[in-house]
$ cat upload-v2.cif   # mmCIF, C-alpha atoms
data_coords
#
loop_
_atom_site.label_atom_id
_atom_site.label_comp_id
_atom_site.auth_asym_id
_atom_site.auth_seq_id
_atom_site.Cartn_x
_atom_site.Cartn_y
_atom_site.Cartn_z
CA MET V 5 20.57 2.17 -29.59
CA GLN V 6 20.66 0.74 -26.06
CA PHE V 7 18.36 2.31 -23.47
CA LYS V 8 20.26 2.93 -20.23
CA LEU V 9 17.88 2.24 -17.35
CA GLY V 10 18.89 3.25 -13.83
CA PHE V 11 17.32 1.00 -11.20
CA ILE V 12 17.14 1.40 -7.40
CA ILE V 13 15.17 -0.59 -4.82
CA ASN V 14 14.72 0.63 -1.26
CA PRO V 15 14.71 -2.81 0.44
CA VAL V 16 12.87 -1.59 3.55
CA ALA V 17 10.20 0.48 1.79
CA GLY V 18 6.69 -0.39 2.95
CA LEU V 19 7.83 -2.58 5.85
CA GLY V 20 5.81 -0.60 8.38
CA GLY V 21 2.51 -0.85 6.51
CA SER V 22 1.29 -4.34 7.36
CA VAL V 23 2.21 -3.97 11.04
CA ALA V 24 0.44 -0.61 11.50
CA LEU V 25 3.63 1.49 11.83
CA LYS V 26 2.45 3.63 8.85
CA GLY V 27 5.91 4.05 7.42
CA SER V 28 9.50 2.87 7.45
CA ASP V 29 11.34 6.14 8.03
CA GLY V 30 13.67 6.39 11.01
CA GLU V 31 16.66 4.37 12.15
CA ASP V 32 14.78 1.79 14.21
CA THR V 33 11.45 1.57 12.40
CA ALA V 34 12.45 -1.07 9.86
CA ALA V 35 13.98 -3.28 12.58
CA LYS V 36 10.84 -2.86 14.68
CA ALA V 37 8.64 -3.79 11.74
CA MET V 38 10.70 -6.93 11.08
CA ALA V 39 10.45 -7.87 14.75
CA LEU V 40 6.66 -7.58 14.48
CA GLY V 41 6.67 -10.02 11.59
CA ALA V 42 6.72 -7.70 8.57
CA GLN V 43 8.11 -9.17 5.36
CA PRO V 44 10.02 -7.12 2.75
CA LYS V 45 7.94 -6.71 -0.42
CA SER V 46 9.51 -3.81 -2.29
CA HIS V 47 11.63 -6.23 -4.33
CA LEU V 48 8.48 -8.02 -5.50
CA ARG V 49 6.91 -4.76 -6.64
CA ALA V 50 10.13 -3.79 -8.41
CA LYS V 51 10.18 -7.21 -10.07
CA ALA V 52 6.60 -6.72 -11.31
CA ALA V 53 7.70 -3.50 -13.02
CA LEU V 54 10.80 -5.02 -14.65
CA GLU V 55 8.82 -8.04 -15.88
CA GLN V 56 6.98 -5.72 -18.27
CA LEU V 57 10.35 -5.16 -19.98
CA LEU V 58 11.31 -8.81 -20.51
CA PRO V 59 10.61 -8.63 -24.28
CA TYR V 60 13.15 -5.78 -24.53
CA GLN V 61 16.17 -7.36 -22.81
CA ALA V 62 18.30 -6.92 -25.91
CA ASP V 63 17.37 -3.26 -26.12
CA LEU V 64 18.39 -2.05 -22.68
CA THR V 65 21.03 -2.29 -19.98
CA VAL V 66 20.12 -2.02 -16.30
CA PHE V 67 22.52 0.16 -14.30
CA THR V 68 21.93 -0.53 -10.64
CA VAL V 69 23.14 -1.14 -7.07
CA ASN V 70 24.55 -4.38 -5.71
CA GLY V 71 22.42 -6.99 -3.98
CA ALA V 72 18.94 -6.24 -2.71
CA MET V 73 19.01 -2.67 -4.00
CA GLY V 74 18.57 -3.83 -7.59
CA GLU V 75 21.22 -6.27 -8.83
CA ASN V 76 19.53 -9.43 -7.55
CA ILE V 77 16.16 -8.87 -9.22
CA ALA V 78 17.61 -7.57 -12.48
CA LYS V 79 19.94 -10.57 -12.83
CA GLU V 80 17.21 -13.02 -11.78
CA LEU V 81 15.11 -11.76 -14.70
CA GLY V 82 18.01 -12.11 -17.12
CA PHE V 83 18.77 -8.47 -17.89
CA ASN V 84 22.20 -7.20 -18.85
CA VAL V 85 23.31 -5.61 -15.56
CA GLU V 86 26.04 -3.17 -14.64
CA VAL V 87 26.54 -2.36 -10.93
CA VAL V 88 27.62 1.26 -10.49
CA TYR V 89 27.33 1.61 -6.70
CA ARG V 90 27.85 -0.74 -3.76
CA SER V 91 25.65 -0.19 -0.72
CA ASN V 92 26.17 -0.69 2.98
CA GLU V 93 24.51 -3.49 4.93
CA PRO V 94 21.97 -2.75 6.24
CA THR V 95 21.16 -0.16 3.61
CA THR V 96 20.50 3.46 4.57
CA PRO V 97 18.89 6.52 2.95
CA ASP V 98 22.44 7.67 2.16
CA ASP V 99 22.82 4.63 -0.08
CA THR V 100 19.78 5.71 -2.09
CA GLU V 101 21.21 9.21 -2.54
CA LEU V 102 24.70 8.01 -3.46
CA ALA V 103 23.27 5.43 -5.85
CA ALA V 104 21.16 8.08 -7.60
CA GLN V 105 24.23 10.30 -7.98
CA ALA V 106 26.25 7.40 -9.40
CA LEU V 107 23.50 6.59 -11.91
CA ALA V 108 23.33 10.23 -12.99
CA LYS V 109 27.10 10.25 -13.56
CA HIS V 110 26.77 7.17 -15.78
CA GLY V 111 24.34 9.04 -18.00
CA VAL V 112 21.30 6.82 -17.58
CA ASP V 113 18.22 7.79 -19.58
CA LEU V 114 15.80 7.25 -16.66
CA ILE V 115 16.05 6.25 -13.01
CA LEU V 116 13.35 3.75 -12.04
CA PHE V 117 13.17 3.45 -8.26
CA ALA V 118 11.02 1.43 -5.87
CA GLY V 119 10.03 3.02 -2.57
CA GLY V 120 7.74 5.54 -0.94
CA ASP V 121 7.76 9.27 -0.38
CA GLY V 122 10.89 9.08 1.77
CA THR V 123 12.74 7.38 -1.09
CA ALA V 124 11.50 10.02 -3.53
CA ARG V 125 12.85 12.71 -1.20
CA ASN V 126 16.25 10.99 -1.15
CA VAL V 127 16.41 10.78 -4.94
CA CYS V 128 15.25 14.39 -5.30
CA HIS V 129 17.82 15.60 -2.78
CA ALA V 130 20.57 13.73 -4.61
CA ILE V 131 19.91 14.68 -8.24
CA GLY V 132 17.01 17.17 -8.37
CA ASP V 133 15.73 17.35 -11.94
CA GLU V 134 19.07 16.33 -13.47
CA VAL V 135 17.76 12.97 -14.73
CA PRO V 136 14.16 11.90 -15.49
CA VAL V 137 12.80 9.52 -12.86
CA LEU V 138 9.80 7.29 -12.26
CA GLY V 139 8.76 5.70 -8.99
CA ILE V 140 7.48 2.16 -8.48
CA PRO V 141 5.01 2.45 -5.56
CA ALA V 142 6.33 0.28 -2.75
CA GLY V 143 6.06 2.44 0.38
CA CYS V 144 3.33 3.16 2.90
CA LYS V 145 3.16 6.85 1.96
CA ILE V 146 2.67 7.69 -1.70
CA HIS V 147 1.67 11.36 -1.80
CA SER V 148 4.19 12.38 -4.47
CA GLY V 149 3.36 12.81 -8.14
CA VAL V 150 6.52 10.99 -9.27
CA TYR V 151 5.02 7.50 -8.88
CA ALA V 152 3.23 5.30 -11.37
CA ILE V 153 -0.21 4.15 -10.27
CA THR V 154 0.99 0.53 -9.95
CA PRO V 155 4.25 -1.40 -10.46
CA LYS V 156 3.03 -2.76 -13.81
CA ALA V 157 2.16 0.75 -14.91
CA ALA V 158 5.72 1.85 -14.15
CA GLY V 159 7.03 -0.91 -16.42
CA ARG V 160 4.65 0.11 -19.19
CA VAL V 161 5.88 3.71 -19.12
CA VAL V 162 9.48 2.50 -19.47
CA GLU V 163 8.34 0.21 -22.29
CA MET V 164 6.99 3.26 -24.15
CA LEU V 165 10.33 5.02 -23.74
CA VAL V 166 12.33 1.99 -24.90
CA ASN V 167 10.07 1.79 -27.96
CA GLY V 168 10.80 5.40 -28.79
CA GLU V 169 7.21 6.55 -28.28
CA LEU V 170 6.66 10.25 -27.62
CA VAL V 171 6.19 10.63 -23.87
CA THR V 172 6.00 14.12 -22.38
CA LEU V 173 8.34 14.95 -19.50
CA ALA V 174 6.73 17.12 -16.82
CA GLU V 175 7.83 18.54 -13.48
CA SER V 176 6.06 16.67 -10.67
CA ASP V 177 6.00 17.44 -6.97
CA VAL V 178 7.88 15.41 -4.39
CA MET V 179 5.75 15.33 -1.25
CA ASP V 180 6.27 13.78 2.15
CA ILE V 181 4.61 13.93 5.53
CA ASP V 182 5.72 14.16 9.13
CA GLU V 183 5.76 10.44 9.94
CA ASP V 184 5.59 10.88 13.72
CA ALA V 185 2.51 13.06 13.31
CA PHE V 186 1.16 10.51 10.79
CA ARG V 187 1.44 7.73 13.38
CA ALA V 188 -0.50 9.98 15.77
CA GLY V 189 -3.27 10.37 13.19
CA THR V 190 -2.39 13.75 11.65
CA VAL V 191 -1.44 14.40 8.03
CA ARG V 192 1.08 17.20 7.56
CA ALA V 193 2.11 17.10 3.94
CA LYS V 194 5.00 19.20 2.72
CA ARG V 195 6.42 19.83 -0.74
CA TYR V 196 10.16 19.10 -0.95
CA GLY V 197 10.91 19.76 -4.58
CA GLU V 198 10.27 18.67 -8.15
CA MET V 199 11.61 15.99 -10.43
CA ARG V 200 11.10 15.34 -14.13
CA VAL V 201 8.72 12.45 -14.75
CA PRO V 202 7.31 10.83 -17.92
CA SER V 203 3.76 12.18 -17.63
CA GLU V 204 1.76 9.43 -19.32
CA LEU V 205 -1.54 10.17 -17.57
CA ARG V 206 -2.94 6.65 -17.83
CA TYR V 207 -0.08 5.33 -15.75
CA VAL V 208 1.27 8.12 -13.51
CA GLN V 209 -0.64 9.22 -10.43
CA ALA V 210 -1.66 12.68 -9.36
CA VAL V 211 -0.51 14.30 -6.14
CA LYS V 212 -2.92 13.35 -3.36
CA ASN V 213 -5.52 16.05 -2.87
CA GLY V 214 -6.19 17.89 0.33
CA GLY V 215 -4.61 15.67 2.94
CA GLY V 216 -7.92 13.81 3.40
CA LYS V 217 -10.17 16.86 3.91
CA GLU V 218 -13.84 16.63 2.97
CA VAL V 219 -15.73 19.86 2.38
CA ASP V 220 -19.31 18.56 2.30
CA GLU V 221 -19.98 17.61 5.91
CA LEU V 222 -23.69 17.10 5.31
CA VAL V 223 -23.04 14.50 2.62
CA LEU V 224 -20.53 12.73 4.88
CA ALA V 225 -23.11 12.66 7.65
CA ASP V 226 -25.66 11.11 5.26
CA ILE V 227 -23.18 8.46 4.12
CA ALA V 228 -22.27 7.64 7.71
CA ALA V 229 -25.89 7.43 8.87
CA TYR V 230 -26.78 5.07 6.03
CA VAL V 231 -23.82 2.72 6.54
CA VAL V 232 -24.53 2.46 10.27
CA SER V 233 -28.26 1.87 9.66
CA GLU V 234 -27.38 -1.08 7.41
CA MET V 235 -24.94 -2.74 9.81
CA ASP V 236 -25.88 -6.23 11.03
CA GLU V 237 -25.10 -6.99 14.66
CA ASP V 238 -24.05 -10.53 13.72
CA TRP V 239 -21.34 -9.27 11.37
CA GLN V 240 -18.04 -7.64 12.22
CA TYR V 241 -16.82 -4.69 10.17
CA ILE V 242 -13.28 -3.72 9.28
CA MET V 243 -13.13 0.06 9.12
CA GLY V 244 -10.47 1.34 6.73
CA SER V 245 -8.49 4.57 6.86
CA GLY V 246 -9.53 8.03 5.70
CA SER V 247 -11.89 10.81 6.71
CA THR V 248 -14.97 9.36 4.99
CA VAL V 249 -14.73 6.14 7.00
CA ALA V 250 -13.91 8.26 10.06
CA ALA V 251 -17.35 9.87 9.68
CA VAL V 252 -18.93 6.41 9.98
CA MET V 253 -16.97 5.74 13.16
CA GLU V 254 -18.05 9.12 14.52
CA GLU V 255 -21.69 8.24 13.78
CA MET V 256 -21.25 5.17 16.00
CA GLY V 257 -19.56 7.26 18.70
CA LEU V 258 -16.37 5.23 18.45
CA GLU V 259 -12.76 6.30 18.68
CA ASN V 260 -11.27 6.15 15.19
CA THR V 261 -7.76 5.49 13.86
CA LEU V 262 -7.82 7.99 11.00
CA LEU V 263 -4.77 6.51 9.29
CA GLY V 264 -5.14 2.93 10.46
CA VAL V 265 -7.60 0.05 10.42
CA ASP V 266 -10.10 -0.73 13.18
CA LEU V 267 -12.54 -3.62 13.80
CA VAL V 268 -16.08 -3.15 15.13
CA GLN V 269 -19.12 -5.30 15.86
CA ASP V 270 -22.56 -4.28 17.09
CA GLN V 271 -21.29 -0.68 17.14
CA ALA V 272 -18.54 -1.57 19.63
CA LEU V 273 -14.80 -1.32 19.03
CA ILE V 274 -13.17 -4.76 19.25
CA GLY V 275 -9.82 -3.98 17.64
CA GLN V 276 -7.92 -0.73 17.04
CA ASP V 277 -5.10 0.18 14.64
CA MET V 278 -4.67 -3.50 13.79
CA MET V 279 -1.85 -5.22 11.93
CA ALA V 280 -2.38 -7.45 8.91
CA ALA V 281 -1.76 -10.73 10.74
CA ASP V 282 -4.11 -9.80 13.58
CA LEU V 283 -6.87 -8.78 11.18
CA LEU V 284 -6.59 -12.03 9.28
CA ALA V 285 -6.73 -14.07 12.49
CA ALA V 286 -9.73 -12.08 13.78
CA CYS V 287 -11.71 -12.63 10.57
CA LYS V 288 -11.16 -16.33 9.93
CA GLY V 289 -14.43 -18.18 10.40
CA LYS V 290 -16.36 -14.98 11.13
CA ALA V 291 -18.80 -13.07 8.93
CA THR V 292 -16.91 -9.88 8.04
CA LYS V 293 -17.47 -6.85 5.86
CA LEU V 294 -14.98 -4.15 4.92
CA VAL V 295 -15.73 -0.40 4.78
CA ILE V 296 -13.23 1.58 2.71
CA THR V 297 -12.94 4.82 0.76
CA LEU V 298 -10.67 6.08 -1.98
CA ILE V 299 -7.73 8.45 -1.94
CA GLY V 300 -8.82 11.79 -3.33
CA GLY V 301 -7.14 12.75 -6.59
CA GLN V 302 -5.62 9.30 -7.08
CA GLY V 303 -8.52 6.87 -6.83
CA HIS V 304 -6.76 4.03 -5.01
CA ILE V 305 -9.00 1.88 -2.82
CA PHE V 306 -6.28 -0.67 -1.99
CA GLY V 307 -2.52 -0.24 -1.77
CA ARG V 308 -2.20 3.30 -0.40
CA GLY V 309 -2.14 3.72 3.36
CA ASN V 310 -4.04 0.49 4.03
CA GLN V 311 -1.45 -2.26 3.54
CA GLN V 312 -2.93 -3.93 6.62
CA LEU V 313 -5.63 -5.14 4.21
CA SER V 314 -3.61 -8.03 2.83
CA PRO V 315 -4.58 -9.98 -0.30
CA GLU V 316 -5.36 -12.96 1.94
CA LEU V 317 -7.76 -10.88 4.00
CA ILE V 318 -9.48 -9.33 0.97
CA ARG V 319 -10.04 -12.78 -0.56
CA LEU V 320 -11.37 -14.06 2.77
CA ILE V 321 -13.89 -11.22 2.96
CA GLY V 322 -14.92 -11.42 -0.70
CA LYS V 323 -15.68 -8.64 -3.17
CA GLU V 324 -19.39 -8.85 -2.36
CA ASN V 325 -18.67 -7.80 1.23
CA ILE V 326 -16.63 -4.70 0.41
CA ILE V 327 -18.47 -1.45 1.09
CA VAL V 328 -16.96 1.54 -0.72
CA VAL V 329 -18.01 4.99 0.52
CA ALA V 330 -17.24 8.35 -1.10
CA THR V 331 -18.87 11.67 -1.90
CA LYS V 332 -19.85 12.27 -5.51
CA SER V 333 -17.51 15.26 -5.60
CA LYS V 334 -14.62 12.95 -4.73
CA LEU V 335 -15.57 10.63 -7.58
CA GLN V 336 -16.11 13.51 -10.01
CA ALA V 337 -12.60 14.78 -9.22
CA LEU V 338 -11.23 11.61 -10.86
CA ASN V 339 -12.51 12.88 -14.22
CA GLY V 340 -13.67 9.44 -15.27
CA ARG V 341 -10.51 7.57 -14.25
CA PRO V 342 -11.25 4.19 -12.64
CA LEU V 343 -10.74 3.31 -9.01
CA ILE V 344 -7.45 1.47 -8.59
CA CYS V 345 -6.59 -1.74 -6.77
CA ASP V 346 -2.86 -2.18 -6.11
CA THR V 347 -2.93 -5.00 -3.56
CA GLY V 348 0.42 -6.47 -4.61
CA ASP V 349 -1.40 -9.52 -6.01
CA SER V 350 -2.10 -8.98 -9.72
CA GLU V 351 -4.60 -11.85 -9.91
CA LEU V 352 -6.59 -10.35 -7.05
CA ASP V 353 -6.45 -6.92 -8.71
CA ASP V 354 -7.99 -8.49 -11.82
CA GLU V 355 -10.64 -10.25 -9.72
CA LEU V 356 -11.62 -6.93 -8.16
CA SER V 357 -11.88 -5.15 -11.50
CA GLY V 358 -15.18 -4.29 -13.13
CA TYR V 359 -17.87 -2.16 -11.55
CA ILE V 360 -18.50 -1.70 -7.86
CA GLN V 361 -21.30 0.02 -5.97
CA VAL V 362 -20.18 3.15 -4.14
CA THR V 363 -22.36 4.60 -1.37
CA THR V 364 -22.54 8.35 -1.97
CA GLY V 365 -25.36 9.40 0.39
CA PHE V 366 -28.27 8.05 2.42
CA ASN V 367 -29.56 5.12 0.34
CA ASP V 368 -27.82 6.80 -2.61
CA HIS V 369 -25.38 4.76 -4.68
CA VAL V 370 -23.52 4.87 -7.97
CA LEU V 371 -21.77 2.20 -10.00
CA TYR V 372 -18.15 3.07 -10.63
CA ALA V 373 -15.42 1.31 -12.58
CA VAL V 374 -12.53 -0.38 -10.80
CA GLY V 375 -9.31 -0.40 -12.80
CA HIS V 376 -8.85 -3.34 -15.16
CA SER V 377 -5.42 -4.88 -15.59
CA GLU V 378 -4.96 -2.93 -18.84
CA GLU V 379 -4.96 0.31 -16.85
CA GLN V 380 -2.68 -1.12 -14.19
#
$ encode --input "upload-v2.cif" --output "structure tokens"
Amino acid sequence: MQFKLGFIINPVAGLGGSVALKGSDGEDTAAKAMALGAQPKSHLRAKAALEQLLPYQADLTVFTVNGAMGENIAKELGFNVEVVYRSNEPTTPDDTELAAQALAKHGVDLILFAGGDGTARNVCHAIGDEVPVLGIPAGCKIHSGVYAITPKAAGRVVEMLVNGELVTLAESDVMDIDEDAFRAGTVRAKRYGEMRVPSELRYVQAVKNGGGKEVDELVLADIAAYVVSEMDEDWQYIMGSGSTVAAVMEEMGLENTLLGVDLVQDQALIGQDMMAADLLAACKGKATKLVITLIGGQGHIFGRGNQQLSPELIRLIGKENIIVVATKSKLQALNGRPLICDTGDSELDDELSGYIQVTTGFNDHVLYAVGHSEEQ
């Protein structure tokens, strides 16, 4: 029996990430991101998911949208393709909704879509829980529980379904945030609905916990004090997003971009809310370390809200110069699941796998696993 796979790509998903726009929602945001030098990457993440299904080409048909919204990638990989909706150019959120409705009418078994929380909202608005769905993470904002932890993981879940394995369907929340407030440094998450998702826990992420809140201020203060005490005035430090890193910036008395990436040296701010290209240029030939934390409830250290940290930059810095900070309660909330790297470069994700030291207090550290390719 042929598996009928619905397939949608939001071509502009994630465009705003590398150029510090923190999203792609809004009529002019994608155009602005392109003008700043952003390159579309959602098709590459969708391709990584479909590549997991190459051994099953004879067992499935891909029902999709013309051109960049799915047809091109599916045909490039050699799948049997049927176009059921033709989009406008440039594409709009309406195209995503109309495509989802068309796929539902064609009786697909699952809709696999590449995008961010805005895309999930569009799909949810169009079809609700009528058809099971699974998201390929390709946006800047991934708060919803309908996404796989990585593109490869999305492909593996579909592989299980095609193979007829028993996979539980569960209702998962569709979340999104006020993007204008997000750009101003405030997270206002809102639940928009539920969709049915294959809930294979190894591969599907949890809803982000708490909007970045930390409850143990004393532990945060200890972490911040230790990181600052260890800083070398001859090195520059990239300060990632999140409230734990914000505590380090506060310890230095510096203005912080809570949901962006800053650059400091000798406890002075030398770059604020920087774009990927600017960070790379600023770090070439200079001794640089990177201070990052993880997303609570999900465990991502790369690929969620910090797309400014490009694979090129991470390789330039080197794994040995990455400083991960987190409270033990934040790590314990993962229930033993590894930290996750989803840089968009699978070879780099493998290079970063293994165990990494996490600073959890003043001169207090733990070794914690970073997701191996088998989990991703």
$ residues_around --input "upload-v2.cif" --residues "Gly82 in chain V" --least-positions-apart "2" --cutoff "12 Å" --atoms "only C-alpha atoms" --output "ChimeraX atom specification"
/V:51,54-55,57-62,64-66,75-80,84-85
$ write_last_selection --input "upload-v2.cif" --atoms "C-alpha atoms" --output "PDB file, keeping the file's coordinate frame"
ATOM      1  CA  LYS V  51      10.180  -7.210 -10.070  1.00  0.00           C
ATOM      2  CA  LEU V  54      10.800  -5.020 -14.650  1.00  0.00           C
ATOM      3  CA  GLU V  55       8.820  -8.040 -15.880  1.00  0.00           C
ATOM      4  CA  LEU V  57      10.350  -5.160 -19.980  1.00  0.00           C
ATOM      5  CA  LEU V  58      11.310  -8.810 -20.510  1.00  0.00           C
ATOM      6  CA  PRO V  59      10.610  -8.630 -24.280  1.00  0.00           C
ATOM      7  CA  TYR V  60      13.150  -5.780 -24.530  1.00  0.00           C
ATOM      8  CA  GLN V  61      16.170  -7.360 -22.810  1.00  0.00           C
ATOM      9  CA  ALA V  62      18.300  -6.920 -25.910  1.00  0.00           C
ATOM     10  CA  LEU V  64      18.390  -2.050 -22.680  1.00  0.00           C
ATOM     11  CA  THR V  65      21.030  -2.290 -19.980  1.00  0.00           C
ATOM     12  CA  VAL V  66      20.120  -2.020 -16.300  1.00  0.00           C
ATOM     13  CA  GLU V  75      21.220  -6.270  -8.830  1.00  0.00           C
ATOM     14  CA  ASN V  76      19.530  -9.430  -7.550  1.00  0.00           C
ATOM     15  CA  ILE V  77      16.160  -8.870  -9.220  1.00  0.00           C
ATOM     16  CA  ALA V  78      17.610  -7.570 -12.480  1.00  0.00           C
ATOM     17  CA  LYS V  79      19.940 -10.570 -12.830  1.00  0.00           C
ATOM     18  CA  GLU V  80      17.210 -13.020 -11.780  1.00  0.00           C
ATOM     19  CA  ASN V  84      22.200  -7.200 -18.850  1.00  0.00           C
ATOM     20  CA  VAL V  85      23.310  -5.610 -15.560  1.00  0.00           C
TER      21      VAL V  85
END
$ atom_distance --input "upload-v2.cif" --atom1 "CA of Gly71 in chain V" --atom2 "CA of Leu9 in chain V"
16.9 Å
$ resolve_selection --input "upload-v2.cif" --expression "the PyMOL selection byres ((chain V and resi 304-321) around 6)" --output "PyMOL selection string"
chain V and resi 21-22+144+279-280+284+298-299+302-303+322+343-347
$ resolve_selection --input "upload-v2.cif" --expression "the PyMOL selection byres ((chain V and resi 331-342) around 9)" --output "PyMOL selection string"
chain V and resi 206+218+220+223-224+227+248+298-304+329-330+343-344+362-365+370+372-376+379
$ resolve_selection --input "upload-v2.cif" --expression "the PyMOL selection byres ((chain V and resi 257-259) around 12)" --output "PyMOL selection string"
chain V and resi 189+228-229+232+243+249-256+260-262+264-277
$ write_last_selection --input "upload-v2.cif" --atoms "C-alpha atoms" --output "mmCIF file, in the coordinates of the input"
data_model
loop_
_atom_site.group_PDB
_atom_site.id
_atom_site.type_symbol
_atom_site.label_atom_id
_atom_site.label_comp_id
_atom_site.auth_asym_id
_atom_site.auth_seq_id
_atom_site.Cartn_x
_atom_site.Cartn_y
_atom_site.Cartn_z
ATOM 1 C CA GLY V 189 -3.270 10.370 13.190
ATOM 2 C CA ALA V 228 -22.270 7.640 7.710
ATOM 3 C CA ALA V 229 -25.890 7.430 8.870
ATOM 4 C CA VAL V 232 -24.530 2.460 10.270
ATOM 5 C CA MET V 243 -13.130 0.060 9.120
ATOM 6 C CA VAL V 249 -14.730 6.140 7.000
ATOM 7 C CA ALA V 250 -13.910 8.260 10.060
ATOM 8 C CA ALA V 251 -17.350 9.870 9.680
ATOM 9 C CA VAL V 252 -18.930 6.410 9.980
ATOM 10 C CA MET V 253 -16.970 5.740 13.160
ATOM 11 C CA GLU V 254 -18.050 9.120 14.520
ATOM 12 C CA GLU V 255 -21.690 8.240 13.780
ATOM 13 C CA MET V 256 -21.250 5.170 16.000
ATOM 14 C CA ASN V 260 -11.270 6.150 15.190
ATOM 15 C CA THR V 261 -7.760 5.490 13.860
ATOM 16 C CA LEU V 262 -7.820 7.990 11.000
ATOM 17 C CA GLY V 264 -5.140 2.930 10.460
ATOM 18 C CA VAL V 265 -7.600 0.050 10.420
ATOM 19 C CA ASP V 266 -10.100 -0.730 13.180
ATOM 20 C CA LEU V 267 -12.540 -3.620 13.800
ATOM 21 C CA VAL V 268 -16.080 -3.150 15.130
ATOM 22 C CA GLN V 269 -19.120 -5.300 15.860
ATOM 23 C CA ASP V 270 -22.560 -4.280 17.090
ATOM 24 C CA GLN V 271 -21.290 -0.680 17.140
ATOM 25 C CA ALA V 272 -18.540 -1.570 19.630
ATOM 26 C CA LEU V 273 -14.800 -1.320 19.030
ATOM 27 C CA ILE V 274 -13.170 -4.760 19.250
ATOM 28 C CA GLY V 275 -9.820 -3.980 17.640
ATOM 29 C CA GLN V 276 -7.920 -0.730 17.040
ATOM 30 C CA ASP V 277 -5.100 0.180 14.640
#
$ atom_distance --input "upload-v2.cif" --atom1 "CA of Trp239 in chain V" --atom2 "CA of Ala291 in chain V"
5.2 Å
$ atom_distance --input "upload-v2.cif" --atom1 "CA of Met5 in chain V" --atom2 "CA of Met164 in chain V"
14.7 Å
$ closest_residue --input "upload-v2.cif" --among "V:Leu138, V:Ile115, V:Asp349, V:Gly10" --to "Ser203 in chain V" --atoms "only C-alpha atoms"
V:Leu138
